[in-house]
$ cat work26.tsv   # TSV, C-alpha atoms and all ligand atoms
chain	number	residue	atom	x	y	z
T	342	MET	CA	108.66	93.91	153.09
T	343	LYS	CA	105.77	96.39	153.03
T	344	LYS	CA	108.09	99.05	151.59
T	345	CYS	CA	109.27	96.57	148.91
T	346	LEU	CA	105.67	95.81	147.82
T	347	GLN	CA	104.91	99.51	147.68
T	348	LEU	CA	107.94	100.05	145.38
T	349	ILE	CA	106.84	97.23	143.03
T	350	ALA	CA	103.32	98.69	142.82
T	351	LEU	CA	104.76	102.13	141.99
T	352	ALA	CA	107.08	100.71	139.30
T	353	SER	CA	104.26	98.86	137.46
T	354	LEU	CA	102.13	101.95	137.52
T	355	VAL	CA	104.90	103.98	135.85
T	356	LEU	CA	105.51	101.16	133.37
T	357	MET	CA	101.79	101.06	132.53
T	358	ASN	CA	101.75	104.80	131.93
T	359	ASN	CA	104.84	104.65	129.74
T	360	ALA	CA	103.94	101.58	127.76
T	361	PHE	CA	100.21	101.68	127.28
T	362	ALA	CA	98.82	105.18	127.62
T	363	LEU	CA	99.78	108.69	126.61
T	364	PHE	CA	97.67	111.60	127.75
T	365	ILE	CA	97.60	114.88	125.80
T	366	PRO	CA	95.92	117.64	127.79
T	367	GLY	CA	92.86	119.01	126.01
T	368	VAL	CA	92.81	116.10	123.52
T	369	GLY	CA	92.62	112.81	125.42
T	370	GLU	CA	94.25	109.45	125.97
T	371	PHE	CA	96.20	107.66	123.24
T	372	VAL	CA	97.19	103.99	123.02
T	373	GLU	CA	99.95	102.53	120.87
T	374	VAL	CA	98.44	100.71	117.90
T	375	ILE	CA	101.53	100.10	115.72
T	376	THR	CA	104.91	99.44	117.33
T	377	ALA	CA	108.32	100.52	116.05
T	378	GLU	CA	109.17	96.84	115.48
T	379	GLN	CA	106.08	96.34	113.31
T	380	ILE	CA	106.99	99.43	111.28
T	381	SER	CA	110.56	98.16	110.75
T	382	LYS	CA	109.33	94.76	109.62
T	383	ARG	CA	106.74	96.25	107.26
T	384	ALA	CA	109.32	98.65	105.77
T	385	GLU	CA	111.52	95.63	105.02
T	386	GLU	CA	108.63	93.83	103.30
T	387	LEU	CA	107.66	96.89	101.25
T	388	GLY	CA	111.31	97.52	100.31
T	389	SER	CA	111.57	93.98	98.90
T	390	GLN	CA	108.27	94.39	97.07
T	391	ILE	CA	109.54	97.63	95.46
T	392	ASP	CA	112.79	95.91	94.41
T	393	GLN	CA	110.76	93.16	92.76
T	394	ASP	CA	108.35	95.56	91.05
T	395	TYR	CA	111.19	97.68	89.58
T	396	SER	CA	113.58	94.81	88.76
T	397	ASP	CA	113.19	95.49	85.00
T	398	CYS	CA	113.69	99.22	85.41
T	399	GLN	CA	117.17	100.49	84.46
T	400	ASP	CA	116.72	103.99	85.89
T	401	PRO	CA	116.83	105.13	89.50
T	402	ILE	CA	113.52	105.39	91.34
T	403	ILE	CA	112.74	108.96	92.35
T	404	PHE	CA	111.31	108.88	95.88
T	405	ILE	CA	109.41	112.06	96.68
T	406	CYS	CA	108.98	112.42	100.43
T	407	THR	CA	105.96	114.49	101.48
T	408	LEU	CA	107.28	116.70	104.28
T	409	ASN	CA	107.04	116.86	107.16
T	410	GLY	CA	105.06	113.77	108.09
T	411	ALA	CA	106.59	111.19	105.74
T	412	LEU	CA	110.18	111.88	106.81
T	413	PHE	CA	110.43	108.92	109.19
T	414	PHE	CA	108.61	106.34	107.00
T	415	THR	CA	110.57	107.43	103.91
T	416	ALA	CA	113.86	106.83	105.71
T	417	ASP	CA	112.70	103.42	106.95
T	418	LEU	CA	111.44	102.44	103.51
T	419	MET	CA	114.35	103.73	101.40
T	420	LYS	CA	116.92	101.98	103.60
T	421	ASN	CA	115.25	98.72	102.60
T	422	VAL	CA	115.26	99.39	98.84
T	423	LYS	CA	118.29	98.03	97.00
T	424	HIS	CA	117.36	99.53	93.62
T	425	SER	CA	119.21	102.74	92.81
T	426	SER	CA	117.15	105.56	94.32
T	427	ILE	CA	117.06	109.35	94.49
T	428	LEU	CA	115.44	111.35	97.27
T	429	GLU	CA	113.41	114.47	96.54
T	430	THR	CA	111.02	116.31	98.84
T	431	ILE	CA	107.77	118.17	98.54
T	432	ARG	CA	106.09	120.16	101.31
T	433	VAL	CA	102.32	120.41	101.25
T	434	SER	CA	100.03	121.23	104.11
T	435	SER	CA	96.31	121.10	104.79
T	436	TYR	CA	95.84	120.16	108.47
T	437	HIS	CA	97.84	123.06	109.93
T	438	GLY	CA	98.54	120.93	113.01
T	439	GLY	CA	94.89	120.21	113.90
T	440	LEU	CA	92.63	117.17	114.02
T	441	GLU	CA	90.81	117.79	110.71
T	442	THR	CA	91.80	118.80	107.19
T	443	SER	CA	91.21	122.44	106.24
T	444	GLY	CA	90.06	121.10	102.85
T	445	THR	CA	92.64	123.19	100.99
T	446	VAL	CA	96.04	121.73	100.12
T	447	LYS	CA	98.86	124.21	99.67
T	448	LEU	CA	102.24	123.57	98.06
T	449	LYS	CA	104.86	125.17	100.29
T	450	TYR	CA	108.16	123.80	98.96
T	451	ASP	CA	109.37	121.56	96.14
T	452	SER	CA	112.94	120.25	95.74
T	453	LEU	CA	112.08	119.32	92.12
T	454	GLU	CA	111.97	122.91	90.96
T	455	GLY	CA	114.11	123.27	87.86
T	456	LYS	CA	114.59	119.46	87.56
T	457	SER	CA	112.89	117.32	84.93
T	458	LEU	CA	110.70	114.34	85.87
T	459	GLU	CA	110.02	113.53	82.20
T	460	GLY	CA	110.14	109.74	81.67
T	461	LYS	CA	111.20	109.08	85.29
T	462	HIS	CA	109.73	106.53	87.71
T	463	VAL	CA	108.36	108.18	90.83
T	464	ILE	CA	107.22	106.85	94.21
T	465	VAL	CA	105.60	109.46	96.44
T	466	THR	CA	105.82	108.66	100.14
T	467	GLU	CA	103.29	109.72	102.76
T	468	ASP	CA	102.83	109.14	106.48
T	469	ILE	CA	99.06	108.89	106.10
T	470	VAL	CA	96.38	108.87	103.42
T	471	ASP	CA	93.25	110.07	105.20
T	472	THR	CA	90.68	111.95	103.09
T	473	GLY	CA	92.99	111.56	100.06
T	474	LEU	CA	92.91	115.30	99.26
T	475	THR	CA	96.68	115.62	99.61
T	476	LEU	CA	97.34	112.71	97.23
T	477	GLN	CA	94.87	114.10	94.69
T	478	PHE	CA	96.69	117.43	94.78
T	479	ILE	CA	100.16	115.86	94.50
T	480	HIS	CA	99.00	113.55	91.71
T	481	SER	CA	97.77	116.33	89.44
T	482	TYR	CA	100.84	118.44	90.28
T	483	LEU	CA	103.27	115.63	89.35
T	484	GLN	CA	101.33	114.44	86.31
T	485	SER	CA	101.94	117.82	84.71
T	486	LYS	CA	105.68	116.97	84.83
T	487	ASN	CA	105.18	113.86	82.61
T	488	PRO	CA	106.89	111.12	84.62
T	489	ALA	CA	106.85	107.57	83.18
T	490	SER	CA	105.02	106.34	86.29
T	491	ILE	CA	103.80	107.57	89.66
T	492	ARG	CA	103.10	105.22	92.55
T	493	TYR	CA	102.25	105.97	96.16
T	494	ALA	CA	103.55	104.50	99.42
T	495	SER	CA	102.10	105.36	102.81
T	496	LEU	CA	102.79	104.23	106.35
T	497	VAL	CA	99.06	104.32	107.13
T	498	VAL	CA	95.99	104.32	104.89
T	499	LYS	CA	92.63	104.97	106.45
T	500	LYS	CA	90.05	102.50	105.21
T	501	ASP	CA	87.06	103.82	103.24
T	502	CYS	CA	87.87	107.49	103.92
T	503	GLN	CA	89.11	108.59	100.48
T	504	GLY	CA	87.15	110.24	97.69
T	505	ALA	CA	86.76	108.54	94.30
T	506	ASN	CA	89.47	110.68	92.67
T	507	THR	CA	92.20	109.57	95.06
T	508	PRO	CA	94.99	107.64	93.34
T	509	GLU	CA	95.57	104.13	94.67
T	510	THR	CA	98.28	103.61	97.30
T	511	THR	CA	100.33	100.71	95.93
T	512	TYR	CA	102.57	100.27	98.99
T	513	VAL	CA	100.46	100.32	102.15
T	514	GLY	CA	102.16	100.01	105.52
T	515	PHE	CA	99.07	99.55	107.68
T	516	GLU	CA	95.34	100.03	107.22
T	517	ARG	CA	93.55	101.82	110.04
T	518	SER	CA	90.01	103.02	110.56
T	519	LYS	CA	88.75	106.55	111.16
T	520	GLU	CA	90.73	107.64	114.22
T	521	PHE	CA	93.22	110.35	115.09
T	522	LEU	CA	96.82	109.12	115.03
T	523	ILE	CA	100.17	110.49	116.18
T	524	GLY	CA	103.75	109.20	116.05
T	525	CYS	CA	106.29	108.08	113.44
T	526	GLY	CA	105.84	111.36	111.57
T	527	LEU	CA	102.18	111.98	112.44
T	528	ASP	CA	101.68	115.10	114.53
T	529	TYR	CA	99.33	116.98	116.79
T	530	GLN	CA	100.12	120.68	116.50
T	531	GLU	CA	103.56	119.71	115.12
T	532	GLU	CA	104.44	117.65	118.24
T	533	TYR	CA	104.74	113.87	118.77
T	534	ARG	CA	106.20	113.08	115.31
T	535	ASN	CA	109.21	111.56	117.08
T	536	LEU	CA	107.28	108.78	118.84
T	537	PRO	CA	108.76	105.56	117.40
T	538	GLY	CA	105.36	103.85	117.11
T	539	VAL	CA	101.89	105.05	116.05
T	540	TRP	CA	99.34	105.95	118.74
T	541	ALA	CA	95.56	106.33	118.36
T	542	LEU	CA	93.28	108.66	120.28
T	543	GLU	CA	91.20	106.19	122.26
T	544	THR	CA	89.46	108.36	124.83
T	545	PRO	CA	88.88	111.90	123.56
T	546	ILE	CA	88.10	114.59	126.08
T	547	ALA	CA	84.46	115.62	125.73
T	548	ASN	CA	84.22	119.18	124.39
T	549	ASP	CA	81.11	120.49	126.10
O	601	LIG	C1	99.01	115.31	106.68
O	601	LIG	C2	99.76	114.06	106.26
O	601	LIG	C3	99.36	113.88	104.82
O	601	LIG	C4	97.97	114.46	104.76
O	601	LIG	C5	96.95	113.35	104.67
O	601	LIG	O1	99.70	116.45	106.26
O	601	LIG	O2	101.14	114.22	106.42
O	601	LIG	O3	100.22	114.58	103.94
O	601	LIG	O4	97.79	115.22	105.97
O	601	LIG	O5	95.64	113.81	104.81
O	601	LIG	P1	94.55	113.78	103.66
O	601	LIG	O6	94.60	112.45	103.01
O	601	LIG	O7	93.26	114.01	104.42
O	601	LIG	O8	94.83	114.93	102.71
O	601	LIG	P2	99.60	117.86	106.99
O	601	LIG	O9	98.82	118.81	106.14
O	601	LIG	O10	99.11	117.69	108.40
O	601	LIG	O11	101.12	118.31	107.00
O	601	LIG	P3	102.35	117.56	107.76
O	601	LIG	O12	102.80	116.41	106.90
O	601	LIG	O13	103.41	118.59	107.88
O	601	LIG	O14	101.83	117.09	109.10

$ encode --input "work26.tsv" --output "structure tokens" --more "lines below"
Ligand code: PRP
Amino acid sequence: MKKCLQLIALASLVLMNNAFALFIPGVGEFVEVITAEQISKRAEELGSQIDQDYSDCQDPIIFICTLNGALFFTADLMKNVKHSSILETIRVSSYHGGLETSGTVKLKYDSLEGKSLEGKHVIVTEDIVDTGLTLQFIHSYLQSKNPASIRYASLVVKKDCQGANTPETTYVGFERSKEFLIGCGLDYQEEYRNLPGVWALETPIAND
């Protein structure tokens, strides 16, 4: 009996560690704040909203996935859009795997090279809009290609963190506050993108 109770205690401890806390050495403890099920449901809702918004549009929607982070959300979202759609990708980087933006956004790759966006309807997908610098950069880059419209969709938008010149995100998955997030495309030093849900740094390790 004693052995049985000991086993139960051990199992719940493991379950607690797996389900509620994730520790990254040198960074701190993360808790899951958005589950995979919530993401799936939200992607369905946003997909329907996009279908409604583009119901009068005869042309395909050009989805531009911002690599690498938006890969997972873009797939979830596009699978829920019935309107004819085309997938393009753009690779920009400013965080270089760290906790804070470097302040400089660099274009590293663009699948649109040599293709015209003139008169096309574009939805740019992101995993997160944080300071908004990346969206500002992408917006001016794409505007120069004269599309008929550009809208933005993001899995997460951080509340009150963006500068005045940041274009509005029309399709918002979830609003979060100022916190460091990983999972569902969001990385720490390129790792943890494959977590199905989104996790927030709750207890950072003191750096002193
Ligand atoms: C991340 C994220 C967004 C951007 C948002 O990209 O994927 O594109 O930062 O931050 P901002 O609103 O402060 O500009 P990152 O440069 O880390 O590249 P990644 O997508 O490869 O992770």

$ closest_residue --input "work26.tsv" --among "T:His480, T:Arg492, T:Arg534, T:His424" --to "ligand LIG 601 (chain O)" --atoms "all atoms listed in the file"
T:Arg534

$ residues_near_ligand --input "work26.tsv" --ligand "ligand LIG 601 (chain O)" --cutoff "6 Å" --atoms "all atoms listed in the file" --output "list in words"
Leu408, Asn409, Gly410, Ser434, Ser435, Tyr436, His437, Gly438, Thr442, Glu467, Asp468, Ile469, Val470, Asp471, Thr472, Gly473, Leu474, Thr475 and Asp528 of chain T

$ residues_around --input "work26.tsv" --residues "Ser518 in chain T" --least-positions-apart "2" --cutoff "9 Å" --atoms "only C-alpha atoms" --output "list in words"
Val498, Lys499, Lys500, Asp501, Cys502, Glu516 and Glu520 of chain T

$ atom_distance --input "work26.tsv" --atom1 "CA of Trp540 in chain T" --atom2 "CA of Glu378 in chain T"
13.8 Å

$ closest_residue --input "work26.tsv" --among "T:Ile405, T:Leu476, T:Met419, T:Ala384" --to "Ser452 in chain T" --atoms "all atoms listed in the file"
T:Ile405

$ residues_near_point --input "work26.tsv" --point "(97.8, 108.8, 116.2)" --cutoff "9 Å" --atoms "all atoms listed in the file" --output "PDB file with C-alpha atoms, in the coordinates of the input"
ATOM      1  CA  PHE T 371      96.200 107.660 123.240  1.00  0.00           C
ATOM      2  CA  VAL T 372      97.190 103.990 123.020  1.00  0.00           C
ATOM      3  CA  GLU T 373      99.950 102.530 120.870  1.00  0.00           C
ATOM      4  CA  VAL T 374      98.440 100.710 117.900  1.00  0.00           C
ATOM      5  CA  GLU T 520      90.730 107.640 114.220  1.00  0.00           C
ATOM      6  CA  PHE T 521      93.220 110.350 115.090  1.00  0.00           C
ATOM      7  CA  LEU T 522      96.820 109.120 115.030  1.00  0.00           C
ATOM      8  CA  ILE T 523     100.170 110.490 116.180  1.00  0.00           C
ATOM      9  CA  GLY T 524     103.750 109.200 116.050  1.00  0.00           C
ATOM     10  CA  CYS T 525     106.290 108.080 113.440  1.00  0.00           C
ATOM     11  CA  LEU T 527     102.180 111.980 112.440  1.00  0.00           C
ATOM     12  CA  ASP T 528     101.680 115.100 114.530  1.00  0.00           C
ATOM     13  CA  TYR T 529      99.330 116.980 116.790  1.00  0.00           C
ATOM     14  CA  TYR T 533     104.740 113.870 118.770  1.00  0.00           C
ATOM     15  CA  VAL T 539     101.890 105.050 116.050  1.00  0.00           C
ATOM     16  CA  TRP T 540      99.340 105.950 118.740  1.00  0.00           C
ATOM     17  CA  ALA T 541      95.560 106.330 118.360  1.00  0.00           C
ATOM     18  CA  LEU T 542      93.280 108.660 120.280  1.00  0.00           C
TER      19      LEU T 542
END

$ closest_residue --input "work26.tsv" --among "T:Val513, T:Ile380, T:Val422, T:Leu363" --to "Ser396 in chain T" --atoms "only C-alpha atoms"
T:Val422

$ residues_around --input "work26.tsv" --residues "Gln379 in chain T" --least-positions-apart "6" --cutoff "10 Å" --atoms "only C-alpha atoms" --output "JSON, numbers by chain"
{"T": [385, 514, 515, 538]}

$ residues_near_point --input "work26.tsv" --point "(102.5, 108.5, 84.4)" --cutoff "12 Å" --atoms "all atoms listed in the file" --output "ChimeraX atom specification"
/T:458-464,480-492,508

$ closest_residue --input "work26.tsv" --among "T:Ile375, T:Phe404, T:Leu440, T:Gln393" --to "Glu531 in chain T" --atoms "all atoms listed in the file"
T:Leu440

$ closest_residue --input "work26.tsv" --among "T:Asp392, T:Glu509, T:Glu429, T:Asp451" --to "Ala416 in chain T" --atoms "all atoms listed in the file"
T:Glu429

$ atom_distance --input "work26.tsv" --atom1 "CA of Phe364 in chain T" --atom2 "CA of Thr544 in chain T"
9.3 Å
